[in-house]
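S.K.: Here it is, the structure, as structure tokens.
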Amino acid sequence: MPKKTIFFALFFVLVSFAVAQDLSSVLKPPKGATEALVVFEDLQCPMCAHTAPLLKQAVKDYKIPLVIYDFPLPMHNWSYQAALFAHYFDSRSKQLGFDFRDYIFENQIQINPTNLRGYVERFAAAHKTDLPFVIDPQGKFAAEINADKDMGKRVGIEHTPTVYVVSNKGPRVQEVTDPENKLFQTIDAMK
């Protein structure tokens with residue numbers, strides 16, 4: 001085998017090992033939990049909308065937390081704004097934030113940049129929550145989203161949804177490459 005080929009093979013192995021080490025040092029269950037689901041999602045992504053009910057079912061069945069990182073993709077023209085609203089509702093209560101995300105996914109096909117605010121206002125009214133005209137005047141929610149995106153870039157996110165099962169024991173991080181068919185199997189294997 002030529003030295004150049006061996007060098008590249010060794011380099012690939014070392015880079016893969018470094019990425020795996022980085023994932024387990026960064027992606028962890030929340031304090032007090034031994035396992036969790038971690039998802040990098042885009043509220044305008046059709047596959048994220050398709051995967052969300054599966055994640056919700058897994059959280060319910062396995063009684064494990066769901067950690068959401070927003071990763072709005074550049075080609076989606078309203079996903080960043082929707083993520084800002086999600087962070088606003090998260091700041092009111094985590095459950096309200098989860099409910100908002102579900103609502104957006106359920107209505108995703110009808111939403112566009114011009115009617116997003118109307119959908120958000122209907123959600124806020126239905127949940128008896130005030131919705132200020134400017135939801136992020138200090139840029140706090142934008143900073144949170146940008147931190148989520150930076151985290152995604154750090155761990156090598158290339159698509160949404162990207163779902164991981166994370167644990168404090170055994171194999172610490174496992175990506176679920178096919179959530180529809182392998183989510184529950186992966187959780188079982190990590191326990």
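Quick note on naming: the chains in the structure tokens go A, B, ... in the order shown, residues restart at 1 in each chain, and ligands are numbered from 1 in order of appearance.
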Could you build a table of the residues in range 60-100 of chain A lying no more than 9 Å from range 154-162 of chain A, giving for each the nearest pair of atoms and their separation in Å rounded to one decimal place, using only C-alpha atoms, ordered by chain and ascending residue number, as a tab-separated table?
M.R.:
residue	atom	partner	partner_atom	distance
A:Phe71	CA	A:Thr160	CA	7.5
A:Pro72	CA	A:Thr160	CA	8.6
A:Leu73	CA	A:Thr160	CA	8.2
S.K.: Create the file for the chosen residues now, containing N, CA and C atoms and written as a JSON list (two decimals), in the first residue's frame.
M.R.:
[["chain", "number", "residue", "atom", "x", "y", "z"],
["A", 71, "PHE", "N", -31.41, 24.60, 14.10],
["A", 71, "PHE", "CA", -30.42, 24.62, 13.03],
["A", 71, "PHE", "C", -31.12, 25.04, 11.74],
["A", 72, "PRO", "N", -31.61, 26.31, 11.70],
["A", 72, "PRO", "CA", -32.31, 26.76, 10.49],
["A", 72, "PRO", "C", -31.38, 26.74, 9.28],
["A", 73, "LEU", "N", -31.86, 26.12, 8.24],
["A", 73, "LEU", "CA", -31.06, 25.99, 7.03],
["A", 73, "LEU", "C", -31.20, 27.25, 6.17]]
S.K.: Extract, using only C-alpha atoms, all DNA, RNA and protein residues at most 7 Å from Ile145 in chain A, discarding same-chain residues fewer than 4 positions from it, and format them as a PyMOL selection string.
M.R.: chain A and resi 70+141+149
S.K.: List every residue of range 12-163 of chain A that DSSP, applied to the backbone of this structure, assigns to strand (DSSP E), and report them as a short mmCIF file (atom, residue, chain, number, x, y, z; two decimals) with C-alpha atoms, in the first residue's frame.
M.R.:
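Contents of the output file states.cif:
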data_model
loop_
_atom_site.label_atom_id
_atom_site.label_comp_id
_atom_site.auth_asym_id
_atom_site.auth_seq_id
_atom_site.Cartn_x
_atom_site.Cartn_y
_atom_site.Cartn_z
CA GLU A 35 -30.18 9.21 28.60
CA ALA A 36 -31.72 11.80 26.30
CA LEU A 37 -32.68 12.44 22.72
CA VAL A 38 -30.88 15.33 21.05
CA VAL A 39 -32.18 16.77 17.81
CA PHE A 40 -30.91 19.49 15.52
CA GLU A 41 -33.97 20.70 13.68
CA LEU A 66 -35.63 15.81 24.49
CA VAL A 67 -32.95 18.43 23.90
CA ILE A 68 -33.65 20.63 20.87
CA TYR A 69 -31.06 22.65 19.00
CA ASP A 70 -32.30 24.98 16.28
CA THR A 162 -30.09 15.07 12.91
CA VAL A 163 -31.06 12.92 15.89
#
S.K.: Could you give me, as a JSON list (two decimals) with N, CA and C atoms, in the first residue's frame, the residues within 12 Å of Ser167 in chain A, counting only C-alpha atoms and dropping anything in the same chain fewer than 5 positions from it?
M.R.:
[["chain", "number", "residue", "atom", "x", "y", "z"],
["A", 23, "LEU", "N", -18.18, 14.71, 20.06],
["A", 23, "LEU", "CA", -19.61, 14.50, 20.24],
["A", 23, "LEU", "C", -19.93, 14.13, 21.68],
["A", 24, "SER", "N", -19.17, 13.19, 22.24],
["A", 24, "SER", "CA", -19.48, 12.73, 23.60],
["A", 24, "SER", "C", -19.12, 13.78, 24.64],
["A", 25, "SER", "N", -18.22, 14.68, 24.32],
["A", 25, "SER", "CA", -17.90, 15.73, 25.28],
["A", 25, "SER", "C", -18.89, 16.89, 25.20],
["A", 26, "VAL", "N", -19.60, 17.00, 24.10],
["A", 26, "VAL", "CA", -20.53, 18.11, 23.89],
["A", 26, "VAL", "C", -21.99, 17.70, 24.05],
["A", 27, "LEU", "N", -22.36, 16.57, 23.49],
["A", 27, "LEU", "CA", -23.74, 16.12, 23.52],
["A", 27, "LEU", "C", -23.95, 15.20, 24.71],
["A", 28, "LYS", "N", -24.62, 15.71, 25.71],
["A", 28, "LYS", "CA", -24.83, 14.96, 26.95],
["A", 28, "LYS", "C", -26.29, 15.09, 27.38],
["A", 29, "PRO", "N", -26.76, 14.13, 28.17],
["A", 29, "PRO", "CA", -28.10, 14.28, 28.73],
["A", 29, "PRO", "C", -28.13, 15.48, 29.69],
["A", 30, "PRO", "N", -29.29, 16.09, 29.86],
["A", 30, "PRO", "CA", -29.39, 17.17, 30.84],
["A", 30, "PRO", "C", -29.10, 16.65, 32.25],
["A", 31, "LYS", "N", -28.75, 17.55, 33.12],
["A", 31, "LYS", "CA", -28.46, 17.19, 34.51],
["A", 31, "LYS", "C", -29.62, 16.38, 35.11],
["A", 32, "GLY", "N", -29.27, 15.27, 35.75],
["A", 32, "GLY", "CA", -30.27, 14.41, 36.38],
["A", 32, "GLY", "C", -30.80, 13.30, 35.49],
["A", 33, "ALA", "N", -30.46, 13.32, 34.21],
["A", 33, "ALA", "CA", -30.93, 12.28, 33.28],
["A", 33, "ALA", "C", -29.75, 11.39, 32.88],
["A", 34, "THR", "N", -30.02, 10.11, 32.67],
["A", 34, "THR", "CA", -28.94, 9.22, 32.22],
["A", 34, "THR", "C", -28.93, 9.07, 30.70],
["A", 35, "GLU", "N", -30.09, 9.24, 30.06],
["A", 35, "GLU", "CA", -30.18, 9.21, 28.60],
["A", 35, "GLU", "C", -31.03, 10.41, 28.15],
["A", 36, "ALA", "N", -30.89, 10.74, 26.89],
["A", 36, "ALA", "CA", -31.72, 11.80, 26.30],
["A", 36, "ALA", "C", -31.70, 11.66, 24.79],
["A", 37, "LEU", "N", -32.68, 12.26, 24.17],
["A", 37, "LEU", "CA", -32.68, 12.44, 22.72],
["A", 37, "LEU", "C", -32.21, 13.86, 22.45],
["A", 38, "VAL", "N", -31.35, 14.02, 21.47],
["A", 38, "VAL", "CA", -30.88, 15.33, 21.05],
["A", 38, "VAL", "C", -31.21, 15.46, 19.58],
["A", 64, "ILE", "N", -37.61, 9.90, 28.75],
["A", 64, "ILE", "CA", -36.31, 10.56, 28.64],
["A", 64, "ILE", "C", -36.52, 11.96, 28.07],
["A", 65, "PRO", "N", -35.63, 12.87, 28.42],
["A", 65, "PRO", "CA", -35.80, 14.24, 27.93],
["A", 65, "PRO", "C", -35.41, 14.39, 26.45],
["A", 172, "ARG", "N", -21.76, 6.50, 24.46],
["A", 172, "ARG", "CA", -22.31, 7.78, 24.93],
["A", 172, "ARG", "C", -23.14, 8.54, 23.89],
["A", 173, "VAL", "N", -22.81, 8.39, 22.63],
["A", 173, "VAL", "CA", -23.53, 9.12, 21.57],
["A", 173, "VAL", "C", -23.74, 8.18, 20.39],
["A", 174, "GLN", "N", -24.98, 8.11, 19.95],
["A", 174, "GLN", "CA", -25.29, 7.30, 18.76],
["A", 174, "GLN", "C", -26.24, 8.10, 17.88],
["A", 175, "GLU", "N", -25.82, 8.37, 16.66],
["A", 175, "GLU", "CA", -26.71, 9.05, 15.72],
["A", 175, "GLU", "C", -27.75, 8.07, 15.23],
["A", 186, "THR", "N", -32.46, 2.08, 18.57],
["A", 186, "THR", "CA", -31.24, 2.75, 19.03],
["A", 186, "THR", "C", -31.34, 3.09, 20.51],
["A", 187, "ILE", "N", -32.50, 3.56, 20.93],
["A", 187, "ILE", "CA", -32.68, 3.86, 22.37],
["A", 187, "ILE", "C", -32.52, 2.59, 23.19],
["A", 188, "ASP", "N", -33.12, 1.50, 22.75],
["A", 188, "ASP", "CA", -32.99, 0.22, 23.46],
["A", 188, "ASP", "C", -31.53, -0.21, 23.56],
["A", 189, "ALA", "N", -30.79, -0.04, 22.47],
["A", 189, "ALA", "CA", -29.39, -0.45, 22.45],
["A", 189, "ALA", "C", -28.53, 0.40, 23.39],
["A", 190, "MET", "N", -28.93, 1.65, 23.60],
["A", 190, "MET", "CA", -28.15, 2.56, 24.46],
["A", 190, "MET", "C", -28.44, 2.34, 25.93],
["A", 191, "LYS", "N", -29.56, 1.71, 26.25],
["A", 191, "LYS", "CA", -29.93, 1.54, 27.67],
["A", 191, "LYS", "C", -29.12, 0.46, 28.33]]
S.K.: Record the distance separating CA of Gln110 in chain A and CA of Ser79 in chain A, expressed in Å with one decimal.
M.R.: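 Separating CA of Gln110 in chain A from CA of Ser79 in chain A is a distance of 13.4 Å.
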S.K.: If you count only C-alpha atoms, which residues fall within 10 Å of His50 in chain A, apart from same-chain ones fewer than 5 positions away, as a list in words?
M.R.: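 The contact residues come out as Cys45, Leu55, Phe105, Glu106, Pro161, Pro179 and Glu180 of chain A.
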S.K.: Using only C-alpha atoms, find the one residue out of A:Ala125, A:Val120, A:Val176, A:Ile135 that sits nearest to Arg101 in chain A.
M.R.: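 Of A:Ala125, A:Val120, A:Val176, A:Ile135, the one nearest Arg101 in chain A, counting only C-alpha atoms, is A:Val120.
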S.K.: Which residues of range 119-173 of chain A come within 10 Å of range 83-92 of chain A, and for each one, what is the closest pair of atoms and their distance in Å to one decimal, counting only C-alpha atoms, sorted by chain and residue number, as a tab-separated table?
M.R.:
residue	atom	partner	partner_atom	distance
A:Val120	CA	A:Phe85	CA	7.6
A:Ala124	CA	A:Phe89	CA	8.7
A:Thr129	CA	A:Arg92	CA	8.5
A:Asp130	CA	A:Arg92	CA	9.7
A:Leu131	CA	A:Tyr88	CA	8.9
A:Pro132	CA	A:Tyr88	CA	9.8
A:Ile135	CA	A:Tyr88	CA	6.7
A:Asp136	CA	A:Leu84	CA	7.6
A:Gly139	CA	A:Leu84	CA	9.5
A:Lys140	CA	A:His87	CA	9.2
A:Phe141	CA	A:His87	CA	5.8
A:Ala142	CA	A:Leu84	CA	6.4
A:Ala143	CA	A:Leu84	CA	9.7
A:Glu144	CA	A:His87	CA	8.0
A:Ile145	CA	A:Ala83	CA	7.2
S.K.: Write out the residues from the selection above, keeping N, CA and C atoms, as a JSON list (two decimals), in the first residue's frame.
M.R.:
[["chain", "number", "residue", "atom", "x", "y", "z"],
["A", 120, "VAL", "N", -48.39, 32.56, 14.43],
["A", 120, "VAL", "CA", -47.83, 32.74, 15.78],
["A", 120, "VAL", "C", -48.84, 33.45, 16.67],
["A", 124, "ALA", "N", -50.43, 32.06, 20.15],
["A", 124, "ALA", "CA", -50.31, 32.82, 21.40],
["A", 124, "ALA", "C", -51.70, 33.05, 22.00],
["A", 129, "THR", "N", -51.21, 33.72, 25.86],
["A", 129, "THR", "CA", -49.85, 34.24, 26.06],
["A", 129, "THR", "C", -49.70, 35.54, 25.30],
["A", 130, "ASP", "N", -49.17, 36.54, 25.98],
["A", 130, "ASP", "CA", -48.90, 37.81, 25.31],
["A", 130, "ASP", "C", -47.81, 37.62, 24.26],
["A", 131, "LEU", "N", -47.97, 38.33, 23.16],
["A", 131, "LEU", "CA", -46.98, 38.29, 22.10],
["A", 131, "LEU", "C", -46.59, 39.73, 21.78],
["A", 132, "PRO", "N", -45.40, 40.14, 22.21],
["A", 132, "PRO", "CA", -44.99, 41.51, 21.93],
["A", 132, "PRO", "C", -44.77, 41.73, 20.44],
["A", 135, "ILE", "N", -40.22, 40.66, 19.39],
["A", 135, "ILE", "CA", -40.03, 39.57, 20.35],
["A", 135, "ILE", "C", -38.59, 39.44, 20.85],
["A", 136, "ASP", "N", -37.66, 40.06, 20.19],
["A", 136, "ASP", "CA", -36.26, 39.89, 20.58],
["A", 136, "ASP", "C", -35.49, 41.20, 20.50],
["A", 139, "GLY", "N", -31.78, 40.88, 21.25],
["A", 139, "GLY", "CA", -31.06, 39.88, 20.48],
["A", 139, "GLY", "C", -30.71, 38.62, 21.25],
["A", 140, "LYS", "N", -31.35, 38.42, 22.40],
["A", 140, "LYS", "CA", -31.06, 37.25, 23.25],
["A", 140, "LYS", "C", -31.42, 35.95, 22.54],
["A", 141, "PHE", "N", -32.61, 35.91, 21.93],
["A", 141, "PHE", "CA", -33.04, 34.68, 21.27],
["A", 141, "PHE", "C", -32.21, 34.40, 20.02],
["A", 142, "ALA", "N", -31.85, 35.45, 19.30],
["A", 142, "ALA", "CA", -30.98, 35.29, 18.13],
["A", 142, "ALA", "C", -29.63, 34.72, 18.55],
["A", 143, "ALA", "N", -29.11, 35.18, 19.68],
["A", 143, "ALA", "CA", -27.83, 34.67, 20.19],
["A", 143, "ALA", "C", -27.96, 33.18, 20.55],
["A", 144, "GLU", "N", -29.09, 32.79, 21.12],
["A", 144, "GLU", "CA", -29.31, 31.38, 21.45],
["A", 144, "GLU", "C", -29.35, 30.51, 20.19],
["A", 145, "ILE", "N", -30.05, 31.00, 19.16],
["A", 145, "ILE", "CA", -30.13, 30.26, 17.90],
["A", 145, "ILE", "C", -28.75, 30.16, 17.25]]
S.K.: Could you check which of A:Pro137, A:Pro171, A:Pro113, A:Gly118 is closest to Trp78 in chain A, using only C-alpha atoms?
M.R.: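 Going through A:Pro137, A:Pro171, A:Pro113, A:Gly118 one by one, the smallest distance to Trp78 in chain A is for A:Pro113.
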S.K.: So that I can check the secondary structure, give me every residue of chain A assigned alpha helix (DSSP H) by backbone DSSP, as a ChimeraX atom specification.
M.R.: /A:3-26,46-62,79-92,94-107,116-126,140-154,179-190
S.K.: Tell me which of A:Arg117, A:His127, A:His76, A:Lys182 sits closest to Val165 in chain A, counting only C-alpha atoms.
M.R.: A:Lys182
S.K.: Give me the residues within 8 Å of Ile104 in chain A as a PyMOL selection string, counting only C-alpha atoms and dropping any in the same chain fewer than 4 places off.
M.R.: chain A and resi 43+100+108
